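A short write-up of the structure that comes next.
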Amino acid sequence: MNMKLMLTFSILIMSTIITLTSNNWLGMWMGMEMNLMSFIPMLSEKMNKKASQSMMIYFLTQSIGSIILLFTILSNKFIMYNINDQLMKTILIMSLMIKLGGAPFHMWLPEMMSNMSWKNAVILMTWQKIAPMTILSNNNEKSMFMFIIMSTMIGAIGGLNQTSIRKMMAYSSINHLSWMMMMMMMENNWYLYLMIYSLIIMMLFLMLNKKNILFMNQLNMNKMTIMEKMTLTTLMMSMGGLPPFIGFLPKWMTIQSMLNSSMWMMLMLMVMMSLITLFYYLRMMYPLILIYNTKTKWINLMTKSKMTIMIMLLNILLPIMLMMPMF
């Protein structure tokens with residue numbers, strides 16, 4: 001076992017727990033600094049140009065976010081500005097948006113994602129969101145609406161012009177971040193969205209890593225079985241939030257909360273932008289389904305691809321089981 005990796009991974013988990021359990025601002029800031037310093041060695045798994053580039057991008061952007069966050073904390077403690085000062089609260093949210101990669105501070109995220117392995121990308125898109133999102137939930141402000149609108153639009157439109165699946169997933173992550181923030185403003189149960197989103201991301205990236213797929217044209221080059229094709233398609237549809245799949249559940253919860261608050265215009269915008277993300281998932285998937293493949297024997301499939309069957313069942317049956325008590 002790689003002891004360096006084990007040590008950094010344990011510090012990564014501990015630093016997030018420190019941020020979650022801290023009862024003061026400096027404790028939360030310290031937890032995020034430890035988190036930053038423990039994630040950088042994980043990026044240097046393969047020492048090449050791309051790894052060093054992603055390490056530098058991550059270090060610089062997170063450092064800027066940390067400095068701005070520390071500035072607002074110290075301003076509160078020593079300068080004693082009014083706690084209701086809207087400008088300082090907006091600056092605080094800006095620092096957390098830089099850390100999360102939300103729009104309009106999103107440019108580092110797709111660039112960094114395109115240089116990373118799928119394993120590190122999973123950590124960046126799931127675990128690394130927990131600490132900043134927790135701090136953001138403690139500061140539920142109306143100024144978040146501006147960031148939600150920008151994230152939902154840029155996350156949808158930015159992914160249209162991409163051929164790299166990793167960049168596409170980064171823009172998709174920005175779009176999902178806007179839904180999480182909206183859920184945070186409505187009922188503050190954003191962690192349910194993050195849990196389901198993390199589950200889908202892990203299943204999807206597991207398949208893409210197994211097949212070593214990084215770009216859209218590689219989907220057609222890979223000889224996949226019918227079951228693998230169907231599983232990959234259902235996962236992509238789940239990411240877009242199409243109703244029968246598990247990815248629709250958190251979006252449904254957010255939509256219901258927004259309807260109860262009569263936020264019609266915001267809801268229309270977010271649903272329309274979500275449809276654009278669904279469009280670029282479909283654009284990626286339909287050649288995969290339509291291209292003829294000789295490996296269509298279901299008998300062979302059942303014996304060989306138990307993991308794909310499990311992922312597909314989890315993606316389709318779990319939401320049905322969760323929705324059954326509602327009817």
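Quick note on naming: the chains in the structure tokens go A, B, ... in the order shown, residues restart at 1 in each chain, and ligands are numbered from 1 in order of appearance.
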Show me, as a list in words, the residues that have an atom within 7 Å of region 159-165 of chain A when counting only C-alpha atoms, minus same-chain residues fewer than 5 positions from it.
Tyr171, Leu214, Phe215, Met216 and Tyr280 of chain A
For region 250-265 of chain A: contacts at 10 Å, only C-alpha atoms, fewer than 5 positions along chain excluded, given as a PyMOL selection string
chain A and resi 176+179-187+189-197+240-243+270-271+274
Which residues, written as a PyMOL selection string, have at least one atom at most 6 Å from region 54-67 of chain A, with only C-alpha atoms counted and residues fewer than 4 positions away on the same chain left out?
chain A and resi 40+95+98-99+112
Please dump the current selection as an mmCIF file, in the first residue's frame; keep C-alpha atoms.
```cif
data_model
loop_
_atom_site.group_PDB
_atom_site.id
_atom_site.type_symbol
_atom_site.label_atom_id
_atom_site.label_comp_id
_atom_site.auth_asym_id
_atom_site.auth_seq_id
_atom_site.Cartn_x
_atom_site.Cartn_y
_atom_site.Cartn_z
ATOM 1 C CA ILE A 40 -2.464 18.532 -3.525
ATOM 2 C CA SER A 95 -14.657 33.431 -1.290
ATOM 3 C CA ILE A 98 -14.090 30.514 -5.573
ATOM 4 C CA LYS A 99 -13.428 27.407 -3.463
ATOM 5 C CA MET A 112 -8.216 21.449 -13.797
#
```
If you count only C-alpha atoms, which residues fall within 12 Å of Lys50 (chain A), apart from same-chain ones fewer than 6 positions away, as a list in words?
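So the residues in contact are Leu43, Ser44, Met56, Ile57, Glu111, Met112, Met113, Ser114, Asn115, Met116 and Ser117 of chain A.
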Looking at A:Lys211, A:Lys129, A:Gly101, A:Met88, which one is nearest to Ser143 (chain A), with distances taken over only C-alpha atoms?
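Answer, going by the shortest atom-to-atom distance: A:Met88.
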Leaving out region 123-128 of chain A and any residue of its chain fewer than 3 positions from it, which residues lie within 10 Å of it when counting only C-alpha atoms, given as a tab-separated table (two decimals) with N, CA and C atoms, in the first residue's frame?
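Listed below is the output, result-v2.tsv:
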```tsv
chain	number	residue	atom	x	y	z
A	12	LEU	N	-7.21	14.32	4.63
A	12	LEU	CA	-8.30	14.90	3.83
A	12	LEU	C	-9.65	14.70	4.53
A	13	ILE	N	-9.87	13.50	5.04
A	13	ILE	CA	-11.14	13.20	5.74
A	13	ILE	C	-11.21	13.95	7.07
A	16	THR	N	-11.93	17.79	6.78
A	16	THR	CA	-13.34	18.11	6.52
A	16	THR	C	-14.16	17.98	7.80
A	32	MET	N	-10.21	23.90	6.32
A	32	MET	CA	-10.16	24.00	4.85
A	32	MET	C	-8.73	24.13	4.33
A	35	ASN	N	-7.34	20.73	4.38
A	35	ASN	CA	-7.97	20.01	3.28
A	35	ASN	C	-7.25	20.31	1.96
A	36	LEU	N	-6.92	21.58	1.76
A	36	LEU	CA	-6.20	22.01	0.55
A	36	LEU	C	-4.83	21.35	0.48
A	39	PHE	N	-5.01	17.55	-0.31
A	39	PHE	CA	-5.48	17.14	-1.64
A	39	PHE	C	-4.41	17.30	-2.70
A	42	MET	N	-2.29	14.26	-3.50
A	42	MET	CA	-3.09	13.23	-4.19
A	42	MET	C	-3.10	13.46	-5.70
A	99	LYS	N	-13.83	28.73	-3.94
A	99	LYS	CA	-13.43	27.41	-3.46
A	99	LYS	C	-14.26	26.29	-4.10
A	100	LEU	N	-15.55	26.56	-4.30
A	100	LEU	CA	-16.44	25.55	-4.88
A	100	LEU	C	-16.35	25.46	-6.40
A	101	GLY	N	-15.85	26.52	-7.02
A	101	GLY	CA	-15.80	26.56	-8.49
A	101	GLY	C	-17.12	26.96	-9.09
A	109	LEU	N	-12.07	25.30	-12.72
A	109	LEU	CA	-12.59	23.94	-12.53
A	109	LEU	C	-12.55	23.07	-13.79
A	112	MET	N	-8.86	22.38	-14.72
A	112	MET	CA	-8.22	21.45	-13.80
A	112	MET	C	-8.73	20.02	-14.00
A	113	MET	N	-10.03	19.90	-14.21
A	113	MET	CA	-10.65	18.58	-14.42
A	113	MET	C	-10.09	17.88	-15.64
A	116	MET	N	-6.95	15.83	-14.83
A	116	MET	CA	-7.00	14.89	-13.70
A	116	MET	C	-7.43	13.50	-14.10
A	118	TRP	N	-9.76	10.07	-13.25
A	118	TRP	CA	-11.16	9.93	-12.81
A	118	TRP	C	-11.25	9.79	-11.29
A	119	LYS	N	-10.27	9.12	-10.68
A	119	LYS	CA	-10.30	8.90	-9.21
A	119	LYS	C	-10.22	10.23	-8.46
A	120	ASN	N	-9.29	11.09	-8.88
A	120	ASN	CA	-9.16	12.41	-8.24
A	120	ASN	C	-10.34	13.31	-8.56
A	131	ALA	N	-17.06	20.80	2.86
A	131	ALA	CA	-16.64	21.85	3.80
A	131	ALA	C	-17.12	23.25	3.38
A	132	PRO	N	-16.86	23.71	2.12
A	132	PRO	CA	-17.35	25.05	1.74
A	132	PRO	C	-18.88	25.16	1.76
A	133	MET	N	-19.57	24.07	1.38
A	133	MET	CA	-21.04	24.09	1.37
A	133	MET	C	-21.60	24.21	2.78
A	169	MET	N	-18.29	17.18	-17.47
A	169	MET	CA	-18.69	16.85	-16.10
A	169	MET	C	-18.44	18.02	-15.14
A	170	ALA	N	-17.40	18.81	-15.43
A	170	ALA	CA	-17.10	19.99	-14.61
A	170	ALA	C	-18.20	21.03	-14.75
A	173	SER	N	-21.21	19.86	-13.02
A	173	SER	CA	-21.05	20.05	-11.58
A	173	SER	C	-21.43	21.48	-11.17
A	174	ILE	N	-21.09	22.47	-12.02
A	174	ILE	CA	-21.44	23.87	-11.75
A	174	ILE	C	-22.97	24.04	-11.78
A	177	LEU	N	-24.41	22.49	-8.70
A	177	LEU	CA	-24.11	23.35	-7.54
A	177	LEU	C	-25.21	24.39	-7.34
A	194	LEU	N	-26.48	16.40	-2.35
A	194	LEU	CA	-25.06	16.07	-2.51
A	194	LEU	C	-24.81	14.56	-2.39
A	195	MET	N	-25.54	13.90	-1.49
A	195	MET	CA	-25.38	12.45	-1.31
A	195	MET	C	-25.79	11.68	-2.56
A	197	TYR	N	-26.17	12.94	-5.64
A	197	TYR	CA	-25.28	13.37	-6.73
A	197	TYR	C	-23.93	12.64	-6.65
A	198	SER	N	-23.40	12.49	-5.44
A	198	SER	CA	-22.13	11.79	-5.23
A	198	SER	C	-22.24	10.32	-5.63
A	199	LEU	N	-23.38	9.71	-5.31
A	199	LEU	CA	-23.62	8.30	-5.66
A	199	LEU	C	-23.62	8.11	-7.17
A	201	ILE	N	-22.28	10.17	-9.46
A	201	ILE	CA	-20.93	10.51	-9.95
A	201	ILE	C	-19.99	9.32	-9.77
A	202	MET	N	-20.04	8.67	-8.60
A	202	MET	CA	-19.15	7.54	-8.32
A	202	MET	C	-19.42	6.36	-9.26
```
Using backbone DSSP assignments, extract all helix (DSSP H, G or I) residues from region 44-233 of chain A; output them as a PyMOL selection string.
chain A and resi 49-79+86-100+108-113+118-125+127-137+144-161+165-186+190-211+216-221+226-233
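CA of Met30 (chain A) is found 18.0 Å from CA of Ser137 (chain A).
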Would you kindly return, as a list in words, each protein, DNA or RNA residue with an atom no farther than 10 Å from any atom of Phe279 (chain A), considering only C-alpha atoms and excluding same-chain residues fewer than 2 positions away?
Ala156, Gly159, Leu160, Met237, Gly240, Met273, Ser274, Leu275, Ile276, Thr277, Tyr281, Leu282, Arg283, Met284 and Met285 of chain A
Could you list, as an NGL selection string, every residue within 6 Å of Ile246 (chain A), counting only C-alpha atoms and ignoring same-chain residues fewer than 2 positions away?
:A and (238 or 248-249 or 315 or 319)
Just write the chosen residues, all heavy atoms, as an mmCIF file, in the first residue's frame.
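Final file, selection.cif:
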```cif
data_model
loop_
_atom_site.group_PDB
_atom_site.id
_atom_site.type_symbol
_atom_site.label_atom_id
_atom_site.label_comp_id
_atom_site.auth_asym_id
_atom_site.auth_seq_id
_atom_site.Cartn_x
_atom_site.Cartn_y
_atom_site.Cartn_z
ATOM 1 N N SER A 238 -29.677 9.995 -15.583
ATOM 2 C CA SER A 238 -29.824 10.256 -14.152
ATOM 3 C C SER A 238 -29.125 11.563 -13.772
ATOM 4 O O SER A 238 -29.636 12.352 -12.962
ATOM 5 C CB SER A 238 -29.241 9.099 -13.345
ATOM 6 O OG SER A 238 -29.642 9.161 -12.014
ATOM 7 N N PHE A 248 -33.446 12.268 -10.536
ATOM 8 C CA PHE A 248 -34.628 13.139 -10.535
ATOM 9 C C PHE A 248 -35.105 13.450 -9.118
ATOM 10 O O PHE A 248 -35.695 14.515 -8.874
ATOM 11 C CB PHE A 248 -35.759 12.475 -11.339
ATOM 12 C CG PHE A 248 -37.055 13.246 -11.314
ATOM 13 C CD1 PHE A 248 -37.124 14.520 -11.856
ATOM 14 C CD2 PHE A 248 -38.195 12.710 -10.741
ATOM 15 C CE1 PHE A 248 -38.312 15.241 -11.832
ATOM 16 C CE2 PHE A 248 -39.387 13.421 -10.711
ATOM 17 C CZ PHE A 248 -39.441 14.689 -11.262
ATOM 18 N N LEU A 249 -34.841 12.556 -8.163
ATOM 19 C CA LEU A 249 -35.340 12.720 -6.788
ATOM 20 C C LEU A 249 -34.934 14.047 -6.135
ATOM 21 O O LEU A 249 -35.795 14.782 -5.657
ATOM 22 C CB LEU A 249 -34.898 11.547 -5.912
ATOM 23 C CG LEU A 249 -35.767 10.289 -5.946
ATOM 24 C CD1 LEU A 249 -35.137 9.203 -5.103
ATOM 25 C CD2 LEU A 249 -37.171 10.567 -5.460
ATOM 26 N N ASN A 315 -29.659 2.350 -9.974
ATOM 27 C CA ASN A 315 -30.073 3.585 -10.639
ATOM 28 C C ASN A 315 -31.570 3.626 -10.929
ATOM 29 O O ASN A 315 -32.196 4.684 -10.874
ATOM 30 C CB ASN A 315 -29.283 3.751 -11.938
ATOM 31 C CG ASN A 315 -29.324 5.163 -12.454
ATOM 32 O OD1 ASN A 315 -29.511 6.107 -11.697
ATOM 33 N ND2 ASN A 315 -29.154 5.318 -13.745
ATOM 34 N N PRO A 319 -34.892 4.626 -6.817
ATOM 35 C CA PRO A 319 -35.900 5.696 -6.754
ATOM 36 C C PRO A 319 -37.328 5.188 -6.658
ATOM 37 O O PRO A 319 -38.160 5.786 -5.995
ATOM 38 C CB PRO A 319 -35.684 6.476 -8.054
ATOM 39 C CG PRO A 319 -34.857 5.624 -8.916
ATOM 40 C CD PRO A 319 -34.072 4.730 -8.022
#
```
